[in-house]
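In what follows, a structure is listed as structure tokens, so that the remarks can point back to it.
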Amino acid sequence: MSRKIRIAIFFIFMGLFSMAYQIGSFFEVSEEDAEIFLEEFEELVGDIDAIGIFLHNTSIALPMFIPGFGIVWGFFTAWSTGYAFSAIATIFPELSKIPPLAILYLTPFGLMELTAYSLGTSRSFILIHMIIKKVNLRPAIRGTAIEIGVMLGLLLGGGFLEYYMIQLIEESDLFSGF
């Protein structure tokens, strides 16, 4: 597969991931469901640090490289992340003024995660395409390994940036009680 086609597939999957995220954010979440979600979310990330964010995001991203399944997993992850944004915006209405895609495209960690997840889903597509066409997968092993390495680097950097931004928000009491 040529490099130009590979890049095009990557950007197509970036757009599809963004679309699934946006669709998830359109769902209206009742206040009761949003409170339940936030309680569970708080338990999950209450004492998380940068390495914890990295490990969590990596556990989400690695299955995206599985041929075929990774595409479905990636779109589900995008949709559920958009839904989570909607739940948080239900509790904190000031967030509803922020377009959901702004979190992805205007925050450094959002762009890093979007890029990492798009690498995984697009590689999943390429691998399943090769399997269906009965193309030898051996040449794809090196490219897949490189992309997993890039994904790990992006998520590690993104984890530290996200943790730093969470610390700034907590210190500023912007969302007291969150």
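The way I read the labels, and the way they are meant: chains A, B, ... in the order of the structure tokens, residue 1 as the first residue of every chain, and ligand 1 as the first ligand shown, with later ones counted on from there.
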*Can you list, as a ChimeraX atom specification, every protein, DNA or RNA residue that comes within 6 Å of segment 13-22 of chain A when you count only C-alpha atoms, leaving out same-chain residues fewer than 2 positions away?*
/A:10-11,24-25,75,78-79,82,118,122
_Env of Gly120 of chain A: 9 Å cut, atoms = only C-alpha atoms, seq-sep filter 3 positions within chain, self excluded. Answer as number ranges by chain._
A: 61-66, 70-71, 74, 115-117, 123-125, 144, 147-148, 151
*Check the DSSP output for the backbone and give back, as an NGL selection string, the residues of segment 35-73 of chain A in helix (DSSP H, G or I).*
:A and (35-45 or 50-65 or 69-73)
Okay, now the selection with C-alpha atoms, as a PDB file, in the first residue's frame?
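Heads up, here's the output in result10.pdb:
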ATOM      1  CA  GLU A  35     -24.791  12.043  38.322  1.00  0.00           C
ATOM      2  CA  ILE A  36     -24.417   8.259  38.313  1.00  0.00           C
ATOM      3  CA  PHE A  37     -21.902   8.530  35.483  1.00  0.00           C
ATOM      4  CA  LEU A  38     -19.902  11.199  37.314  1.00  0.00           C
ATOM      5  CA  GLU A  39     -19.812   9.153  40.515  1.00  0.00           C
ATOM      6  CA  GLU A  40     -18.462   6.146  38.591  1.00  0.00           C
ATOM      7  CA  PHE A  41     -16.059   8.389  36.687  1.00  0.00           C
ATOM      8  CA  GLU A  42     -14.829   9.937  39.938  1.00  0.00           C
ATOM      9  CA  GLU A  43     -14.153   6.450  41.366  1.00  0.00           C
ATOM     10  CA  LEU A  44     -12.262   5.496  38.218  1.00  0.00           C
ATOM     11  CA  VAL A  45     -10.059   8.581  37.995  1.00  0.00           C
ATOM     12  CA  ALA A  50      -0.143  10.923  34.482  1.00  0.00           C
ATOM     13  CA  ILE A  51       1.011   7.295  34.256  1.00  0.00           C
ATOM     14  CA  GLY A  52      -2.494   6.129  35.192  1.00  0.00           C
ATOM     15  CA  ILE A  53      -3.977   8.246  32.393  1.00  0.00           C
ATOM     16  CA  PHE A  54      -1.391   6.811  29.997  1.00  0.00           C
ATOM     17  CA  LEU A  55      -2.140   3.223  31.034  1.00  0.00           C
ATOM     18  CA  HIS A  56      -5.904   3.776  30.814  1.00  0.00           C
ATOM     19  CA  ASN A  57      -5.667   5.335  27.345  1.00  0.00           C
ATOM     20  CA  THR A  58      -3.244   2.636  26.201  1.00  0.00           C
ATOM     21  CA  SER A  59      -5.646  -0.094  27.324  1.00  0.00           C
ATOM     22  CA  ILE A  60      -8.269   1.590  25.152  1.00  0.00           C
ATOM     23  CA  ALA A  61      -5.955   2.175  22.169  1.00  0.00           C
ATOM     24  CA  LEU A  62      -4.181  -1.169  21.813  1.00  0.00           C
ATOM     25  CA  PRO A  63      -7.335  -3.135  20.848  1.00  0.00           C
ATOM     26  CA  MET A  64      -7.841  -0.618  18.030  1.00  0.00           C
ATOM     27  CA  PHE A  65      -4.966  -2.312  16.196  1.00  0.00           C
ATOM     28  CA  PHE A  69     -12.441  -5.436  15.581  1.00  0.00           C
ATOM     29  CA  GLY A  70     -10.303  -2.337  16.159  1.00  0.00           C
ATOM     30  CA  ILE A  71     -12.509  -0.274  13.870  1.00  0.00           C
ATOM     31  CA  VAL A  72     -15.668  -1.147  15.807  1.00  0.00           C
ATOM     32  CA  TRP A  73     -13.896  -0.671  19.145  1.00  0.00           C
TER      33      TRP A  73
END
*Between atom CA of Ile166 of chain A and atom CA of Gly46 of chain A, distance in Å (one decimal)*: 11.1 Å
*Quick one: residues within 12 Å of Met130 of chain A, only C-alpha atoms counted, chain neighbours fewer than 6 positions away excluded, as a ChimeraX atom specification?*
/A:1,67-68,123-124,136-141
Only N, CA and C atoms, please: the residues just picked out, written as a PDB file, in the first residue's frame.
ATOM      1  N   MET A   1       0.853  -1.168   0.000  1.00  0.00           N
ATOM      2  CA  MET A   1       0.000   0.000   0.000  1.00  0.00           C
ATOM      3  C   MET A   1       0.900   1.233   0.000  1.00  0.00           C
ATOM      4  N   PRO A  67      -7.142  -6.392  13.761  1.00  0.00           N
ATOM      5  CA  PRO A  67      -7.784  -6.323  12.445  1.00  0.00           C
ATOM      6  C   PRO A  67      -9.306  -6.452  12.518  1.00  0.00           C
ATOM      7  N   GLY A  68      -9.995  -5.483  11.958  1.00  0.00           N
ATOM      8  CA  GLY A  68     -11.459  -5.494  11.914  1.00  0.00           C
ATOM      9  C   GLY A  68     -12.092  -5.047  13.205  1.00  0.00           C
ATOM     10  N   ARG A 123      -5.022   1.406  11.017  1.00  0.00           N
ATOM     11  CA  ARG A 123      -4.184   0.211  10.847  1.00  0.00           C
ATOM     12  C   ARG A 123      -5.054  -1.046  10.908  1.00  0.00           C
ATOM     13  N   SER A 124      -6.064  -1.042  11.765  1.00  0.00           N
ATOM     14  CA  SER A 124      -7.000  -2.164  11.826  1.00  0.00           C
ATOM     15  C   SER A 124      -7.651  -2.377  10.462  1.00  0.00           C
ATOM     16  N   ASN A 136       0.115 -11.095   2.000  1.00  0.00           N
ATOM     17  CA  ASN A 136       1.056 -11.468   3.053  1.00  0.00           C
ATOM     18  C   ASN A 136       1.146 -10.337   4.089  1.00  0.00           C
ATOM     19  N   LEU A 137       0.919 -10.671   5.351  1.00  0.00           N
ATOM     20  CA  LEU A 137       0.940  -9.672   6.431  1.00  0.00           C
ATOM     21  C   LEU A 137       2.354  -9.329   6.903  1.00  0.00           C
ATOM     22  N   ARG A 138       3.307 -10.127   6.520  1.00  0.00           N
ATOM     23  CA  ARG A 138       4.681  -9.917   6.998  1.00  0.00           C
ATOM     24  C   ARG A 138       5.179  -8.485   6.753  1.00  0.00           C
ATOM     25  N   PRO A 139       4.980  -7.889   5.582  1.00  0.00           N
ATOM     26  CA  PRO A 139       5.456  -6.515   5.375  1.00  0.00           C
ATOM     27  C   PRO A 139       4.745  -5.489   6.286  1.00  0.00           C
ATOM     28  N   ALA A 140       3.566  -5.809   6.751  1.00  0.00           N
ATOM     29  CA  ALA A 140       2.814  -4.868   7.587  1.00  0.00           C
ATOM     30  C   ALA A 140       3.253  -4.904   9.046  1.00  0.00           C
ATOM     31  N   ILE A 141       4.012  -5.920   9.434  1.00  0.00           N
ATOM     32  CA  ILE A 141       4.415  -6.059  10.839  1.00  0.00           C
ATOM     33  C   ILE A 141       5.277  -4.872  11.273  1.00  0.00           C
TER      34      ILE A 141
END
